[in-house]
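Have a look at the structure below before the remarks.
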Amino acid sequence: MTQAVPDARLASALWECDRHRAAIDEALSEWQALVTPSSQALEQDSSLRRLTDQIIYRFTKLQDAMGERLLPAVLGWLREPHEAWPMRDRLDRLEKLGYLDVETWLQWRDVRNRLAYEYPDAADQRYAAVLAAMAAAGAMVAAFVHCKAWLPTLP
Amino acid sequence: MLDRLTFYTPCMRLTKAELLAIETAARAVLPRGARVMLFGSRTDDARRGGDIDLLIEPPKPVDASLAVDLSTRLAARLYRLLGERRIDIVVAAASEADDRLIVREARRQATELVRT
């Protein structure tokens, strides 16, 4: 395979991740401009819920785009024989190469999974999980920007 | 081969690898004096597979934000040791009454796995 294919895969993955990054940046700026909303406000204010839903949705999409497209594309671009590797080995290799921190990546996985099974009688826990997702979305954007900075300019 | 065996204690279904991972992860990320207990389907010998449901009892009360942080760090360490799988972690301090349905049910079924 010529380098053109890994280059194209990487460029395409970066483009997709960048779209989610831009959407998260915009929504997080809006969120951060608010006085920290209370748990009660989050339960009752539909516009606030829409904003948090937007951040969580893009956080999920960026996580998918990075995990399923960008990280394999980076490994391919680096000519690492990653195709048959399980996700854990891919992450370990990328950590060794300085592209990401595996423990942090796995924490983002849990933040996402947690949002799927919160309990109805635990409003403060639900709110804490949303705040954790906001923080994770910001951190994931920073990690994406860091990862992108390691890569050369692509055509 | 040993890691593939399922160890049956009274009302508990976890592999040796899962037990070791839970102990290792708990000692790495939880405060001293915390208890980790198993509840849910893995306490039922008649069932197969299922999520790993863990109740964490820190020695002192923790707010919701710290509870989420502890859960996330424990789950991430378990994902690293076992691979990603469904792990549901509930945090409730031993010294506090907690009327959440899930906590009441977890406490009723709980089998202690680790004390840090």
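Ligands are numbered from 1 in the order shown, residues from 1 within each chain, and chains are lettered A, B, ... in the order they appear in the structure tokens.
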Using only C-alpha atoms, determine which residues lie at most 12 Å from Leu28 (chain A), disregarding the query and same-chain residues fewer than 3 positions distant; provide the list as a PyMOL selection string. chain A and resi 20-25+31-34+48+51-56+58-59+131+133-139+141
Writer output for current selection, C-alpha atoms, as a short mmCIF file (atom, residue, chain, number, x, y, z; two decimals), in the first residue's frame:
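Result went into out08.cif, see below:
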```cif
data_model
loop_
_atom_site.label_atom_id
_atom_site.label_comp_id
_atom_site.auth_asym_id
_atom_site.auth_seq_id
_atom_site.Cartn_x
_atom_site.Cartn_y
_atom_site.Cartn_z
CA HIS A 20 -17.07 17.30 16.49
CA ARG A 21 -14.31 19.29 18.19
CA ALA A 22 -15.68 22.55 16.79
CA ALA A 23 -19.23 21.69 17.92
CA ILE A 24 -18.01 20.77 21.42
CA ASP A 25 -15.93 23.95 21.67
CA TRP A 31 -22.06 26.17 28.99
CA GLN A 32 -19.08 27.83 30.65
CA ALA A 33 -20.62 31.28 30.18
CA LEU A 34 -23.48 30.21 32.44
CA LEU A 48 -30.15 23.78 29.42
CA LEU A 51 -27.23 22.24 25.57
CA THR A 52 -25.94 19.40 27.75
CA ASP A 53 -27.44 16.85 25.34
CA GLN A 54 -25.60 18.55 22.48
CA ILE A 55 -22.27 18.35 24.36
CA ILE A 56 -22.85 14.75 25.39
CA ARG A 58 -20.75 15.35 20.35
CA PHE A 59 -18.58 13.89 23.12
CA LEU A 131 -20.67 17.51 35.00
CA ALA A 133 -19.21 14.40 30.91
CA MET A 134 -18.73 18.15 30.40
CA ALA A 135 -15.22 17.92 31.87
CA ALA A 136 -14.44 14.81 29.83
CA ALA A 137 -15.66 16.48 26.61
CA GLY A 138 -13.27 19.39 27.21
CA ALA A 139 -10.40 17.04 28.04
CA VAL A 141 -10.99 17.96 22.73
#
```
Can you check which residues of chain B have any atom within 6 Å of chain A? Use only C-alpha atoms and format it as a list in words. Ala64, Ser65, Thr72 and Ala76 of chain B
Using only C-alpha atoms, which residues sit within 9 Å of Ala93 (chain B) once same-chain residues fewer than 6 positions away are excluded, as a PyMOL selection string? chain B and resi 34+56-62
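One distance worth recording is that between CA of Ile89 (chain B) and CA of Val114 (chain B), which is 14.2 Å.
For the set A:Leu14, A:Gln40, A:Ala143, A:Ala8, the residue with the smallest atom-to-atom gap to Glu68 (chain A) is A:Leu14, counting only C-alpha atoms.
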One residue among B:Leu78, B:Leu38, B:Val90, B:Ile102 is nearest to Arg13 (chain B) when using only C-alpha atoms, and that residue is B:Leu38
Among region 10-61 of chain B, which residues carry a DSSP assignment of strand (DSSP E), reported as a VMD selection string? chain B and resid 12 to 15 35 to 39 52 to 57
Next, write the just-selected residues to a file, as an mmCIF file, in the first residue's frame, keeping N, CA, C and O atoms as the atom set.
```cif
data_model
loop_
_atom_site.group_PDB
_atom_site.id
_atom_site.type_symbol
_atom_site.label_atom_id
_atom_site.label_comp_id
_atom_site.auth_asym_id
_atom_site.auth_seq_id
_atom_site.Cartn_x
_atom_site.Cartn_y
_atom_site.Cartn_z
ATOM 1 N N MET B 12 -21.826 -16.499 44.427
ATOM 2 C CA MET B 12 -20.968 -15.577 43.695
ATOM 3 C C MET B 12 -20.420 -16.250 42.445
ATOM 4 O O MET B 12 -19.988 -17.385 42.480
ATOM 5 N N ARG B 13 -20.449 -15.499 41.336
ATOM 6 C CA ARG B 13 -19.974 -16.028 40.064
ATOM 7 C C ARG B 13 -18.988 -15.058 39.446
ATOM 8 O O ARG B 13 -19.352 -14.134 38.758
ATOM 9 N N LEU B 14 -17.709 -15.233 39.737
ATOM 10 C CA LEU B 14 -16.657 -14.415 39.127
ATOM 11 C C LEU B 14 -15.487 -15.335 38.828
ATOM 12 O O LEU B 14 -15.229 -16.282 39.577
ATOM 13 N N THR B 15 -14.752 -15.034 37.745
ATOM 14 C CA THR B 15 -13.555 -15.832 37.475
ATOM 15 C C THR B 15 -12.445 -15.362 38.413
ATOM 16 O O THR B 15 -12.510 -14.267 38.991
ATOM 17 N N ARG B 35 -14.898 -0.723 51.266
ATOM 18 C CA ARG B 35 -15.293 -2.116 50.980
ATOM 19 C C ARG B 35 -15.863 -2.189 49.581
ATOM 20 O O ARG B 35 -16.574 -1.289 49.127
ATOM 21 N N VAL B 36 -15.533 -3.275 48.890
ATOM 22 C CA VAL B 36 -16.100 -3.519 47.560
ATOM 23 C C VAL B 36 -16.950 -4.773 47.658
ATOM 24 O O VAL B 36 -16.472 -5.822 48.115
ATOM 25 N N MET B 37 -18.194 -4.648 47.249
ATOM 26 C CA MET B 37 -19.107 -5.791 47.350
ATOM 27 C C MET B 37 -19.774 -6.078 46.009
ATOM 28 O O MET B 37 -20.008 -5.164 45.212
ATOM 29 N N LEU B 38 -20.036 -7.341 45.809
ATOM 30 C CA LEU B 38 -20.711 -7.767 44.582
ATOM 31 C C LEU B 38 -22.204 -7.881 44.844
ATOM 32 O O LEU B 38 -22.623 -8.373 45.895
ATOM 33 N N PHE B 39 -22.996 -7.403 43.874
ATOM 34 C CA PHE B 39 -24.436 -7.642 43.963
ATOM 35 C C PHE B 39 -24.948 -7.914 42.555
ATOM 36 O O PHE B 39 -24.169 -7.978 41.603
ATOM 37 N N ILE B 52 -21.099 -6.914 35.749
ATOM 38 C CA ILE B 52 -20.492 -7.007 37.082
ATOM 39 C C ILE B 52 -21.006 -5.796 37.860
ATOM 40 O O ILE B 52 -20.704 -4.645 37.507
ATOM 41 N N ASP B 53 -21.823 -6.029 38.860
ATOM 42 C CA ASP B 53 -22.400 -4.949 39.664
ATOM 43 C C ASP B 53 -21.646 -4.860 40.980
ATOM 44 O O ASP B 53 -21.598 -5.844 41.739
ATOM 45 N N LEU B 54 -21.067 -3.681 41.221
ATOM 46 C CA LEU B 54 -20.263 -3.522 42.436
ATOM 47 C C LEU B 54 -20.823 -2.397 43.297
ATOM 48 O O LEU B 54 -21.158 -1.320 42.796
ATOM 49 N N LEU B 55 -20.899 -2.659 44.584
ATOM 50 C CA LEU B 55 -21.248 -1.621 45.557
ATOM 51 C C LEU B 55 -19.965 -1.236 46.280
ATOM 52 O O LEU B 55 -19.280 -2.102 46.838
ATOM 53 N N ILE B 56 -19.627 0.047 46.236
ATOM 54 C CA ILE B 56 -18.434 0.539 46.928
ATOM 55 C C ILE B 56 -18.895 1.273 48.170
ATOM 56 O O ILE B 56 -19.718 2.194 48.080
ATOM 57 N N GLU B 57 -18.345 0.891 49.297
ATOM 58 C CA GLU B 57 -18.643 1.607 50.539
ATOM 59 C C GLU B 57 -17.370 2.271 51.043
ATOM 60 O O GLU B 57 -16.530 1.619 51.674
#
```
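The neighbours of region 17-32 of chain B here are the residues that come within 9 Å of it, using only C-alpha atoms and leaving out any residue fewer than 5 positions away in the same chain; they are Leu2, Asp3, Arg4, Leu5, Ile56, Pro58, Pro59, Leu70, Arg73, Leu74, Ala75, Ala76, Arg77, Leu78, Leu81, Leu82, Leu113, Val114, Arg115 and Thr116 of chain B.
Here CA of Gln109 (chain B) and CA of Arg47 (chain B) stand 14.8 Å from one another.
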If you run DSSP on the backbone, which residues of chain B are helix (DSSP H, G or I), as a PyMOL selection string? chain B and resi 2-4+16-29+40-43+64-82+101-109
May I have the residues within 8 Å of Cys147 (chain A) as a list of chain:residue names, using only C-alpha atoms and disregarding those fewer than 4 positions away in the same chain? A:Tyr99, A:Leu100, A:Ala143, A:Leu151
Residue subset to file, keeping C-alpha atoms, as a PDB file, in the first residue's frame:
```pdb
ATOM      1  CA  TYR A  99      -0.377  10.121  21.421  1.00  0.00           C
ATOM      2  CA  LEU A 100      -2.678   9.463  24.365  1.00  0.00           C
ATOM      3  CA  ALA A 143      -6.346  15.351  23.682  1.00  0.00           C
ATOM      4  CA  LEU A 151       0.945  14.780  13.032  1.00  0.00           C
TER       5      LEU A 151
END
```
